[in-house]
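First the structure, in the form of structure tokens, and then the observations on it.
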Amino acid sequence: SEVQKLVIKEALFNKDLIVKAQTGSGKTAAFGIPLCEKIDWEENIPQVLILAPTRELAMQIKDDITNIGRYKRIKVVSLVGKESFKDQERSLKGKVHIVVGTPGRVLDHLDNGNLNGKAFKYLVIDEADEMFNMGFIGQVEGVCRRVTRKRVTMLFSATMPEKINELTKKHMDRPVIIKVKEESLITDRITHGLIKVSQKDKFEKVNEILLKEGPETAIMFCRTKENVENYFNYFKDKGYSVDKIHGDMLQKDRTKKMNEFKEGKFRILIATDIAARGIDVHNITHVINIDIPVEKESYVHRIGRTGRAGTKGKSITLMTPYEDKYLDRIEEYIGFKIEDYKEDNKEFNKEERIKLLKSKPTIKKQTKKITKNITKLYLNGGKKKKIRVIDIVGTIMSIEGIEKEDIGIIEINDTGSTVEILNNKGKKVLKELKEKTIKGKKLRVEIAKK
């Protein structure tokens, strides 16, 4: 993509970069590819720190960079709130190359001595304007102060408010400024509709829309966690295939729900804006704004979940009386008027639609090709049995026909360990390991469960 073309070549020269680029333009690969290229695998201390404004985005970046660096066996760890601090502390004691996190949690680990700020060679600040909007800019400054000045800094932002300019002047060294040509904020693949409705009639109206539209998959956005819960309960009682995500849920539960949505385990996701970032799910046919967003940028992030990768999508926004100011701001920002929702007058069978809304969608999880030749094995031995990475590598490499390049990421936990076997050699290693001992111990070996 355009941003990758412009950024990768400069990043490989270790220059400080300020990149003005929209969300969804392929930024993660723009910094992820050169950073994976620069990592010294042998070093046992994190070399790259990436800051992201939301937990979802941090997890998404972690997954993307893990995939980019998989054949180089690059280990990425995410540090986000609402997850066990102790578990994160433990994961940082192993071999870690890249850390991705939200500013508050990263600061906690720096101040606790779990991260060594002097050791980082690269600092990436992603979606800096969003950090500013969410009030994290002070924490970002705190991280900058704790990380050595002898580093390369890359900052990515869709807009450049004055506060961000101040940050770059203070913490960056003669940065190269890259401006990526903006695509239209809204693609013509998405149709927009507006429905004016009173607050008390909203539940029925949303139900009516679902029956009329019969979405293949949909995300419905609410402004508050309470609303998410209320609408979730309302549609759950109807037996619809729905689930929810909001900020009060534990991160592991949010990640689980997101993966289930990607895999087509349910048809409709009801979410707060927190989920608008970091949702990259194929085939979302409808975005329904149960509550019109207060921030004009949120409208673009929300509806950007549909009409992706060349597909068509539909966005429907509900607005109560007295919310005109929000609509005016959005229309000014996107540069056109949102027309009234045009009801499709096609006849539909209500019973069949209800049956559809109660069923799972037909989409299947789109397995990334990169994982096709990789087998993840589980061994029932870890730190408590004094198993180390070197012990696992040594045993696997004693198998005839297995090279160092065939062994991927190894994770050693207290009672069990996992190892990725690359290049379609998983079955062979699984069979042979059953006959071998690791550090003199006979371990149970099996294909790791997802």
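Chains: A, B, ... in order of the structure tokens. Residues: from 1 per chain. Ligands: from 1, in order shown.
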Identify, on the basis of only C-alpha atoms, every residue whose closest approach to Asn114 of chain A does not exceed 9 Å; exclude the query and any residue fewer than 5 positions from it along the same chain; express the result as a PyMOL selection string.
chain A and resi 89+92-93+108-109
Serialized selection, N, CA and C atoms, as a JSON list (two decimals), in the first residue's frame:
[["chain", "number", "residue", "atom", "x", "y", "z"],
["A", 89, "GLU", "N", 4.04, -10.05, 33.74],
["A", 89, "GLU", "CA", 5.38, -10.01, 34.33],
["A", 89, "GLU", "C", 6.13, -11.29, 34.01],
["A", 92, "LEU", "N", 7.25, -11.57, 30.38],
["A", 92, "LEU", "CA", 8.40, -10.71, 30.06],
["A", 92, "LEU", "C", 9.72, -11.33, 30.51],
["A", 93, "LYS", "N", 9.65, -12.35, 31.37],
["A", 93, "LYS", "CA", 10.89, -13.00, 31.83],
["A", 93, "LYS", "C", 11.43, -13.96, 30.76],
["A", 108, "ASP", "N", 3.36, 1.18, 33.96],
["A", 108, "ASP", "CA", 3.41, 0.37, 35.18],
["A", 108, "ASP", "C", 4.57, -0.63, 35.13],
["A", 109, "HIS", "N", 4.74, -1.28, 33.97],
["A", 109, "HIS", "CA", 5.81, -2.28, 33.86],
["A", 109, "HIS", "C", 7.19, -1.62, 33.84]]
Please identify all polymer residues within 9 Å of Ile209 of chain A, counting only C-alpha atoms, omitting same-chain residues fewer than 3 positions from it, and present them as a PDB file with C-alpha atoms, in the first residue's frame.
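The resulting part.pdb:
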ATOM      1  CA  GLU A 204     -38.663  -1.899  18.298  1.00  0.00           C
ATOM      2  CA  LYS A 205     -37.140   0.157  15.502  1.00  0.00           C
ATOM      3  CA  VAL A 206     -33.816  -1.707  15.645  1.00  0.00           C
ATOM      4  CA  LYS A 212     -36.156  -5.915   6.992  1.00  0.00           C
ATOM      5  CA  GLU A 213     -32.423  -6.186   6.282  1.00  0.00           C
ATOM      6  CA  GLY A 214     -31.746  -9.784   7.306  1.00  0.00           C
ATOM      7  CA  ILE A 288     -26.149  -0.152  12.739  1.00  0.00           C
ATOM      8  CA  ILE A 316     -27.829   2.702   9.238  1.00  0.00           C
ATOM      9  CA  GLU A 343     -36.801   0.969   3.138  1.00  0.00           C
TER      10      GLU A 343
END
Show which residues sit within 12 Å of Lys431 of chain A, as an mmCIF file with N, CA, C and O atoms, in the first residue's frame. Count only C-alpha atoms, and ignore same-chain residues fewer than 4 positions away.
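What ended up in selection-v3.cif:
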data_model
loop_
_atom_site.group_PDB
_atom_site.id
_atom_site.type_symbol
_atom_site.label_atom_id
_atom_site.label_comp_id
_atom_site.auth_asym_id
_atom_site.auth_seq_id
_atom_site.Cartn_x
_atom_site.Cartn_y
_atom_site.Cartn_z
ATOM 1 N N LEU A 377 2.729 -27.722 18.720
ATOM 2 C CA LEU A 377 2.731 -28.896 19.605
ATOM 3 C C LEU A 377 2.713 -28.460 21.066
ATOM 4 O O LEU A 377 3.302 -27.433 21.431
ATOM 5 N N ILE A 396 14.524 -31.577 19.519
ATOM 6 C CA ILE A 396 13.870 -31.572 18.197
ATOM 7 C C ILE A 396 14.918 -31.653 17.087
ATOM 8 O O ILE A 396 14.742 -32.356 16.082
ATOM 9 N N ILE A 399 16.268 -34.936 15.711
ATOM 10 C CA ILE A 399 15.444 -35.727 14.781
ATOM 11 C C ILE A 399 16.014 -35.549 13.375
ATOM 12 O O ILE A 399 16.262 -34.420 12.944
ATOM 13 N N LYS A 425 6.523 -29.964 8.775
ATOM 14 C CA LYS A 425 7.235 -31.084 9.404
ATOM 15 C C LYS A 425 6.649 -31.467 10.760
ATOM 16 O O LYS A 425 7.243 -32.209 11.531
ATOM 17 N N GLY A 426 5.442 -30.909 11.049
ATOM 18 C CA GLY A 426 4.817 -31.120 12.354
ATOM 19 C C GLY A 426 4.542 -32.580 12.681
ATOM 20 O O GLY A 426 4.832 -33.046 13.775
ATOM 21 N N LYS A 427 3.965 -33.312 11.717
ATOM 22 C CA LYS A 427 3.588 -34.718 11.972
ATOM 23 C C LYS A 427 4.812 -35.558 12.285
ATOM 24 O O LYS A 427 4.811 -36.385 13.196
ATOM 25 N N GLU A 435 8.825 -40.704 21.224
ATOM 26 C CA GLU A 435 9.811 -41.746 21.581
ATOM 27 C C GLU A 435 11.022 -41.166 22.311
ATOM 28 O O GLU A 435 11.908 -41.890 22.716
ATOM 29 N N LYS A 436 11.115 -39.829 22.415
ATOM 30 C CA LYS A 436 12.333 -39.213 22.971
ATOM 31 C C LYS A 436 12.099 -38.658 24.375
ATOM 32 O O LYS A 436 10.964 -38.476 24.798
ATOM 33 N N ARG A 444 4.554 -35.932 27.718
ATOM 34 C CA ARG A 444 3.436 -36.180 26.794
ATOM 35 C C ARG A 444 3.457 -35.098 25.719
ATOM 36 O O ARG A 444 3.587 -33.925 26.014
ATOM 37 N N VAL A 445 3.321 -35.516 24.438
ATOM 38 C CA VAL A 445 3.335 -34.549 23.334
ATOM 39 C C VAL A 445 2.061 -34.717 22.536
ATOM 40 O O VAL A 445 1.662 -35.832 22.216
ATOM 41 N N GLU A 446 1.404 -33.591 22.219
ATOM 42 C CA GLU A 446 0.192 -33.668 21.393
ATOM 43 C C GLU A 446 0.035 -32.351 20.616
ATOM 44 O O GLU A 446 0.739 -31.382 20.898
ATOM 45 N N ILE A 447 -0.875 -32.362 19.648
ATOM 46 C CA ILE A 447 -1.161 -31.118 18.912
ATOM 47 C C ILE A 447 -1.818 -30.149 19.897
ATOM 48 O O ILE A 447 -2.731 -30.536 20.632
#
Go through A:Met59, A:Ile292, A:Val393, A:Leu379 one by one, measure the shortest atom-to-atom distance of each to Thr415 of chain A using only C-alpha atoms, and give the residue with the smallest value.
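Using only C-alpha atoms, the shortest distance to Thr415 of chain A belongs to A:Leu379.
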For Asp188 of chain A, list every protein, DNA or RNA residue within 10 Å, evaluated using only C-alpha atoms, and leave out those in the same chain fewer than 4 positions away; present the list as a ChimeraX atom specification.
/A:184,192,307,312-313
Please produce an output containing N, CA, C and O atoms for each residue in the selection, written as a tab-separated table (two decimals), in the first residue's frame.
chain	number	residue	atom	x	y	z
A	184	SER	N	-10.59	8.92	0.08
A	184	SER	CA	-11.84	9.49	0.56
A	184	SER	C	-12.16	8.81	1.89
A	184	SER	O	-11.95	7.62	2.06
A	192	HIS	N	-25.46	4.76	3.05
A	192	HIS	CA	-25.75	5.35	4.37
A	192	HIS	C	-27.22	5.66	4.48
A	192	HIS	O	-27.83	6.13	3.53
A	307	GLY	N	-17.92	-2.94	4.24
A	307	GLY	CA	-17.41	-2.50	2.93
A	307	GLY	C	-15.91	-2.65	2.81
A	307	GLY	O	-15.25	-1.89	2.13
A	312	LYS	N	-19.36	-4.83	-0.55
A	312	LYS	CA	-20.33	-3.75	-0.34
A	312	LYS	C	-20.86	-3.81	1.09
A	312	LYS	O	-20.91	-4.88	1.70
A	313	GLY	N	-21.24	-2.65	1.63
A	313	GLY	CA	-21.75	-2.63	3.00
A	313	GLY	C	-22.84	-1.60	3.17
A	313	GLY	O	-23.04	-0.73	2.33
All residues 10 Å or closer to segment 223-238 of chain A, only C-alpha atoms, same chain fewer than 2 positions away omitted, as a PDB file with N, CA, C and O atoms, in the first residue's frame:
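Resulting contents of part_35.pdb:
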ATOM      1  N   LYS A 202     -36.905   3.012  20.222  1.00  0.00           N
ATOM      2  CA  LYS A 202     -35.663   2.535  19.593  1.00  0.00           C
ATOM      3  C   LYS A 202     -35.566   1.013  19.512  1.00  0.00           C
ATOM      4  O   LYS A 202     -35.185   0.470  18.491  1.00  0.00           O
ATOM      5  N   PHE A 203     -35.884   0.324  20.600  1.00  0.00           N
ATOM      6  CA  PHE A 203     -35.744  -1.139  20.608  1.00  0.00           C
ATOM      7  C   PHE A 203     -36.530  -1.766  19.462  1.00  0.00           C
ATOM      8  O   PHE A 203     -36.012  -2.573  18.693  1.00  0.00           O
ATOM      9  N   GLU A 204     -37.802  -1.347  19.352  1.00  0.00           N
ATOM     10  CA  GLU A 204     -38.663  -1.899  18.298  1.00  0.00           C
ATOM     11  C   GLU A 204     -38.127  -1.542  16.919  1.00  0.00           C
ATOM     12  O   GLU A 204     -38.172  -2.346  15.988  1.00  0.00           O
ATOM     13  N   VAL A 206     -35.008  -0.922  15.984  1.00  0.00           N
ATOM     14  CA  VAL A 206     -33.816  -1.707  15.645  1.00  0.00           C
ATOM     15  C   VAL A 206     -34.234  -3.115  15.222  1.00  0.00           C
ATOM     16  O   VAL A 206     -33.725  -3.672  14.253  1.00  0.00           O
ATOM     17  N   ASN A 207     -35.192  -3.666  15.942  1.00  0.00           N
ATOM     18  CA  ASN A 207     -35.686  -5.007  15.599  1.00  0.00           C
ATOM     19  C   ASN A 207     -36.299  -5.011  14.197  1.00  0.00           C
ATOM     20  O   ASN A 207     -36.067  -5.925  13.394  1.00  0.00           O
ATOM     21  N   MET A 220     -23.612  -3.692  15.825  1.00  0.00           N
ATOM     22  CA  MET A 220     -24.494  -2.614  16.271  1.00  0.00           C
ATOM     23  C   MET A 220     -23.772  -1.852  17.386  1.00  0.00           C
ATOM     24  O   MET A 220     -23.348  -2.458  18.374  1.00  0.00           O
ATOM     25  N   PHE A 221     -23.605  -0.545  17.186  1.00  0.00           N
ATOM     26  CA  PHE A 221     -22.840   0.262  18.139  1.00  0.00           C
ATOM     27  C   PHE A 221     -23.740   1.048  19.078  1.00  0.00           C
ATOM     28  O   PHE A 221     -24.714   1.668  18.658  1.00  0.00           O
ATOM     29  N   TYR A 240     -32.186 -14.302  19.202  1.00  0.00           N
ATOM     30  CA  TYR A 240     -31.318 -13.958  18.067  1.00  0.00           C
ATOM     31  C   TYR A 240     -29.879 -14.393  18.359  1.00  0.00           C
ATOM     32  O   TYR A 240     -29.463 -14.507  19.515  1.00  0.00           O
ATOM     33  N   SER A 241     -29.129 -14.574  17.283  1.00  0.00           N
ATOM     34  CA  SER A 241     -27.722 -14.982  17.387  1.00  0.00           C
ATOM     35  C   SER A 241     -26.866 -13.731  17.641  1.00  0.00           C
ATOM     36  O   SER A 241     -26.349 -13.115  16.717  1.00  0.00           O
ATOM     37  N   VAL A 242     -26.774 -13.311  18.931  1.00  0.00           N
ATOM     38  CA  VAL A 242     -26.075 -12.060  19.282  1.00  0.00           C
ATOM     39  C   VAL A 242     -25.037 -12.298  20.366  1.00  0.00           C
ATOM     40  O   VAL A 242     -25.127 -13.258  21.125  1.00  0.00           O
ATOM     41  N   ASP A 243     -24.070 -11.381  20.436  1.00  0.00           N
ATOM     42  CA  ASP A 243     -23.153 -11.330  21.576  1.00  0.00           C
ATOM     43  C   ASP A 243     -22.692  -9.892  21.752  1.00  0.00           C
ATOM     44  O   ASP A 243     -23.121  -9.005  21.001  1.00  0.00           O
ATOM     45  N   LYS A 244     -21.823  -9.654  22.730  1.00  0.00           N
ATOM     46  CA  LYS A 244     -21.517  -8.254  23.087  1.00  0.00           C
ATOM     47  C   LYS A 244     -20.039  -8.069  23.429  1.00  0.00           C
ATOM     48  O   LYS A 244     -19.356  -9.037  23.808  1.00  0.00           O
ATOM     49  N   ILE A 245     -19.580  -6.825  23.317  1.00  0.00           N
ATOM     50  CA  ILE A 245     -18.227  -6.444  23.770  1.00  0.00           C
ATOM     51  C   ILE A 245     -18.307  -5.023  24.327  1.00  0.00           C
ATOM     52  O   ILE A 245     -18.860  -4.136  23.682  1.00  0.00           O
ATOM     53  N   HIS A 246     -17.757  -4.830  25.524  1.00  0.00           N
ATOM     54  CA  HIS A 246     -17.608  -3.460  26.043  1.00  0.00           C
ATOM     55  C   HIS A 246     -16.451  -3.419  27.030  1.00  0.00           C
ATOM     56  O   HIS A 246     -15.867  -4.455  27.379  1.00  0.00           O
ATOM     57  N   GLY A 247     -16.124  -2.217  27.474  1.00  0.00           N
ATOM     58  CA  GLY A 247     -14.912  -1.997  28.266  1.00  0.00           C
ATOM     59  C   GLY A 247     -14.890  -2.604  29.648  1.00  0.00           C
ATOM     60  O   GLY A 247     -13.830  -2.724  30.254  1.00  0.00           O
ATOM     61  N   ASP A 248     -16.046  -2.993  30.202  1.00  0.00           N
ATOM     62  CA  ASP A 248     -16.052  -3.588  31.538  1.00  0.00           C
ATOM     63  C   ASP A 248     -15.724  -5.081  31.526  1.00  0.00           C
ATOM     64  O   ASP A 248     -15.575  -5.694  32.577  1.00  0.00           O
ATOM     65  N   MET A 249     -15.655  -5.657  30.330  1.00  0.00           N
ATOM     66  CA  MET A 249     -15.347  -7.092  30.235  1.00  0.00           C
ATOM     67  C   MET A 249     -13.850  -7.309  30.341  1.00  0.00           C
ATOM     68  O   MET A 249     -13.065  -6.456  29.931  1.00  0.00           O
ATOM     69  N   ILE A 268     -24.637 -11.284  15.124  1.00  0.00           N
ATOM     70  CA  ILE A 268     -24.680  -9.844  15.432  1.00  0.00           C
ATOM     71  C   ILE A 268     -23.836  -9.558  16.667  1.00  0.00           C
ATOM     72  O   ILE A 268     -24.012 -10.187  17.721  1.00  0.00           O
ATOM     73  N   LEU A 269     -22.929  -8.588  16.551  1.00  0.00           N
ATOM     74  CA  LEU A 269     -22.117  -8.146  17.687  1.00  0.00           C
ATOM     75  C   LEU A 269     -22.620  -6.779  18.123  1.00  0.00           C
ATOM     76  O   LEU A 269     -22.755  -5.872  17.299  1.00  0.00           O
ATOM     77  N   ILE A 270     -22.912  -6.634  19.416  1.00  0.00           N
ATOM     78  CA  ILE A 270     -23.337  -5.333  19.959  1.00  0.00           C
ATOM     79  C   ILE A 270     -22.160  -4.798  20.770  1.00  0.00           C
ATOM     80  O   ILE A 270     -21.635  -5.496  21.636  1.00  0.00           O
ATOM     81  N   ALA A 271     -21.724  -3.576  20.465  1.00  0.00           N
ATOM     82  CA  ALA A 271     -20.451  -3.104  21.032  1.00  0.00           C
ATOM     83  C   ALA A 271     -20.452  -1.606  21.303  1.00  0.00           C
ATOM     84  O   ALA A 271     -21.224  -0.850  20.718  1.00  0.00           O
ATOM     85  N   THR A 272     -19.549  -1.191  22.197  1.00  0.00           N
ATOM     86  CA  THR A 272     -19.258   0.239  22.363  1.00  0.00           C
ATOM     87  C   THR A 272     -18.162   0.609  21.370  1.00  0.00           C
ATOM     88  O   THR A 272     -17.577  -0.262  20.724  1.00  0.00           O
ATOM     89  N   ASP A 273     -17.849   1.911  21.304  1.00  0.00           N
ATOM     90  CA  ASP A 273     -16.835   2.379  20.339  1.00  0.00           C
ATOM     91  C   ASP A 273     -15.484   1.732  20.524  1.00  0.00           C
ATOM     92  O   ASP A 273     -14.690   1.668  19.607  1.00  0.00           O
ATOM     93  N   ILE A 274     -15.227   1.241  21.750  1.00  0.00           N
ATOM     94  CA  ILE A 274     -13.931   0.629  22.031  1.00  0.00           C
ATOM     95  C   ILE A 274     -13.632  -0.481  21.026  1.00  0.00           C
ATOM     96  O   ILE A 274     -12.490  -0.755  20.688  1.00  0.00           O
ATOM     97  N   ASN A 289     -25.848   1.994  13.840  1.00  0.00           N
ATOM     98  CA  ASN A 289     -25.532   2.876  14.950  1.00  0.00           C
ATOM     99  C   ASN A 289     -26.804   3.064  15.772  1.00  0.00           C
ATOM    100  O   ASN A 289     -27.630   3.925  15.457  1.00  0.00           O
ATOM    101  N   ILE A 290     -26.964   2.239  16.807  1.00  0.00           N
ATOM    102  CA  ILE A 290     -28.141   2.364  17.674  1.00  0.00           C
ATOM    103  C   ILE A 290     -28.134   3.755  18.304  1.00  0.00           C
ATOM    104  O   ILE A 290     -29.159   4.415  18.411  1.00  0.00           O
ATOM    105  N   ASP A 291     -26.945   4.196  18.735  1.00  0.00           N
ATOM    106  CA  ASP A 291     -26.765   5.576  19.220  1.00  0.00           C
ATOM    107  C   ASP A 291     -25.861   6.294  18.234  1.00  0.00           C
ATOM    108  O   ASP A 291     -24.778   5.787  17.905  1.00  0.00           O
ATOM    109  N   ILE A 292     -26.271   7.479  17.803  1.00  0.00           N
ATOM    110  CA  ILE A 292     -25.407   8.260  16.900  1.00  0.00           C
ATOM    111  C   ILE A 292     -24.131   8.621  17.659  1.00  0.00           C
ATOM    112  O   ILE A 292     -24.192   8.969  18.844  1.00  0.00           O
ATOM    113  N   PRO A 293     -22.944   8.490  17.044  1.00  0.00           N
ATOM    114  CA  PRO A 293     -21.715   8.780  17.811  1.00  0.00           C
ATOM    115  C   PRO A 293     -21.581  10.267  18.148  1.00  0.00           C
ATOM    116  O   PRO A 293     -21.988  11.126  17.372  1.00  0.00           O
ATOM    117  N   VAL A 294     -21.017  10.545  19.312  1.00  0.00           N
ATOM    118  CA  VAL A 294     -20.787  11.930  19.738  1.00  0.00           C
ATOM    119  C   VAL A 294     -19.592  12.498  18.986  1.00  0.00           C
ATOM    120  O   VAL A 294     -19.594  13.648  18.549  1.00  0.00           O
ATOM    121  N   ILE A 354     -36.922 -14.279  11.023  1.00  0.00           N
ATOM    122  CA  ILE A 354     -36.661 -14.559  12.446  1.00  0.00           C
ATOM    123  C   ILE A 354     -35.764 -15.793  12.558  1.00  0.00           C
ATOM    124  O   ILE A 354     -34.807 -15.825  13.336  1.00  0.00           O
ATOM    125  N   LEU A 357     -32.245 -14.735  11.746  1.00  0.00           N
ATOM    126  CA  LEU A 357     -31.612 -13.966  12.820  1.00  0.00           C
ATOM    127  C   LEU A 357     -31.269 -14.841  14.032  1.00  0.00           C
ATOM    128  O   LEU A 357     -30.414 -14.483  14.832  1.00  0.00           O
ATOM    129  N   LYS A 358     -31.937 -15.985  14.140  1.00  0.00           N
ATOM    130  CA  LYS A 358     -31.637 -16.899  15.253  1.00  0.00           C
ATOM    131  C   LYS A 358     -30.497 -17.858  14.902  1.00  0.00           C
ATOM    132  O   LYS A 358     -29.983 -18.557  15.764  1.00  0.00           O
TER     133      LYS A 358
END
Please identify the helix (DSSP H, G or I) residues within segment 225-440 of chain A (assignment by DSSP from backbone atoms) and present them as a ChimeraX atom specification.
/A:225-237,251-262,273-275,296-303,324-334,350-358,369-371,383-385,389-397,404-406,426-433
Extract, using only C-alpha atoms, all DNA, RNA and protein residues at most 9 Å from Met131 of chain A, discarding same-chain residues fewer than 4 positions from it, and format them as a PyMOL selection string.
chain A and resi 52-54+103+126-127+135-137+140
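Of the listed residues A:Ala448, A:Met134, A:Met397, A:Ile387, the one whose atoms come nearest to Val429 of chain A is A:Met397, with distances taken using only C-alpha atoms.
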Run DSSP on the backbone and grab whatever in segment 187-414 of chain A lands in strand (DSSP E or B); send it over as number ranges by chain.
A: 190-196, 218-221, 242-245, 268-271, 286-289, 313-319, 340, 375-379, 407-412
Would you pick out the contacts of segment 152-155 of chain A at 6 Å or less, using only C-alpha atoms, so that residues sharing its chain but fewer than 4 positions from it are not included, and give the list as a VMD selection string?
chain A and resid 16 to 18 122 to 125
Would you put the residues from that selection into a file with all heavy atoms, as an mmCIF file, in the first residue's frame?
data_model
loop_
_atom_site.group_PDB
_atom_site.id
_atom_site.type_symbol
_atom_site.label_atom_id
_atom_site.label_comp_id
_atom_site.auth_asym_id
_atom_site.auth_seq_id
_atom_site.Cartn_x
_atom_site.Cartn_y
_atom_site.Cartn_z
ATOM 1 N N ASP A 16 14.087 8.700 12.383
ATOM 2 C CA ASP A 16 12.859 9.060 13.094
ATOM 3 C C ASP A 16 11.823 9.471 12.057
ATOM 4 O O ASP A 16 12.136 10.212 11.121
ATOM 5 C CB ASP A 16 13.127 10.236 14.047
ATOM 6 C CG ASP A 16 13.719 9.761 15.376
ATOM 7 O OD1 ASP A 16 14.118 8.593 15.444
ATOM 8 O OD2 ASP A 16 13.770 10.563 16.325
ATOM 9 N N LEU A 17 10.590 9.010 12.224
ATOM 10 C CA LEU A 17 9.552 9.266 11.222
ATOM 11 C C LEU A 17 8.282 9.817 11.861
ATOM 12 O O LEU A 17 7.844 9.333 12.907
ATOM 13 C CB LEU A 17 9.176 7.974 10.481
ATOM 14 C CG LEU A 17 10.270 7.186 9.749
ATOM 15 C CD1 LEU A 17 9.680 5.918 9.154
ATOM 16 C CD2 LEU A 17 10.901 8.022 8.654
ATOM 17 N N ILE A 18 7.706 10.827 11.216
ATOM 18 C CA ILE A 18 6.347 11.273 11.557
ATOM 19 C C ILE A 18 5.497 10.946 10.336
ATOM 20 O O ILE A 18 5.764 11.449 9.236
ATOM 21 C CB ILE A 18 6.295 12.791 11.836
ATOM 22 C CG1 ILE A 18 7.139 13.137 13.068
ATOM 23 C CG2 ILE A 18 4.851 13.256 12.012
ATOM 24 C CD1 ILE A 18 7.295 14.631 13.318
ATOM 25 N N TYR A 122 13.838 0.818 19.455
ATOM 26 C CA TYR A 122 12.782 1.413 18.622
ATOM 27 C C TYR A 122 11.544 1.692 19.470
ATOM 28 O O TYR A 122 11.143 0.859 20.278
ATOM 29 C CB TYR A 122 12.381 0.456 17.480
ATOM 30 C CG TYR A 122 13.522 0.128 16.556
ATOM 31 C CD1 TYR A 122 14.334 -0.987 16.791
ATOM 32 C CD2 TYR A 122 13.807 0.925 15.449
ATOM 33 C CE1 TYR A 122 15.407 -1.287 15.959
ATOM 34 C CE2 TYR A 122 14.868 0.634 14.613
ATOM 35 C CZ TYR A 122 15.667 -0.471 14.872
ATOM 36 O OH TYR A 122 16.719 -0.760 14.041
ATOM 37 N N LEU A 123 10.940 2.861 19.254
ATOM 38 C CA LEU A 123 9.671 3.205 19.891
ATOM 39 C C LEU A 123 8.696 3.618 18.790
ATOM 40 O O LEU A 123 9.006 4.483 17.970
ATOM 41 C CB LEU A 123 9.874 4.372 20.877
ATOM 42 C CG LEU A 123 8.610 4.980 21.489
ATOM 43 C CD1 LEU A 123 7.882 3.976 22.371
ATOM 44 C CD2 LEU A 123 8.939 6.240 22.299
ATOM 45 N N VAL A 124 7.531 2.964 18.760
ATOM 46 C CA VAL A 124 6.497 3.308 17.780
ATOM 47 C C VAL A 124 5.279 3.818 18.540
ATOM 48 O O VAL A 124 4.806 3.165 19.484
ATOM 49 C CB VAL A 124 6.092 2.077 16.922
ATOM 50 C CG1 VAL A 124 4.972 2.440 15.952
ATOM 51 C CG2 VAL A 124 7.286 1.522 16.166
ATOM 52 N N ILE A 125 4.772 4.984 18.152
ATOM 53 C CA ILE A 125 3.546 5.531 18.749
ATOM 54 C C ILE A 125 2.489 5.486 17.657
ATOM 55 O O ILE A 125 2.571 6.224 16.669
ATOM 56 C CB ILE A 125 3.776 6.982 19.259
ATOM 57 C CG1 ILE A 125 4.928 7.008 20.269
ATOM 58 C CG2 ILE A 125 2.493 7.544 19.857
ATOM 59 C CD1 ILE A 125 5.464 8.386 20.588
#
One decimal, Å: what's the distance from atom CA of Pro161 of chain A over to atom CA of Ala128 of chain A, could you say?
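Here the two named atoms are 9.4 Å from each other.
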Tell me which of A:Lys196, A:Arg105, A:His97, A:Lys169 sits closest to Leu35 of chain A, counting only C-alpha atoms.
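The closest residue to Leu35 of chain A is A:His97.
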For atom CA of Thr306 of chain A and atom CA of Val281 of chain A, determine how far apart the two atoms are, in Å to one decimal place.
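Computing it gives 8.6 Å between the two atoms.
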Taking into account only C-alpha atoms, which residue in the set A:Thr437, A:Asn14, A:Thr395, A:Asn380 is nearest to Lys150 of chain A?
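Among the listed residues, A:Asn14 lies closest to Lys150 of chain A.
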Distance criterion (only C-alpha atoms): nearest to Asp64 of chain A out of A:Lys27, A:Lys314, A:His286, A:Lys385
A:Lys27
Provide the atom CA of Thr28 of chain A to atom CA of Ile61 of chain A distance in Å, to one decimal place.
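A separation of 6.5 Å between them.
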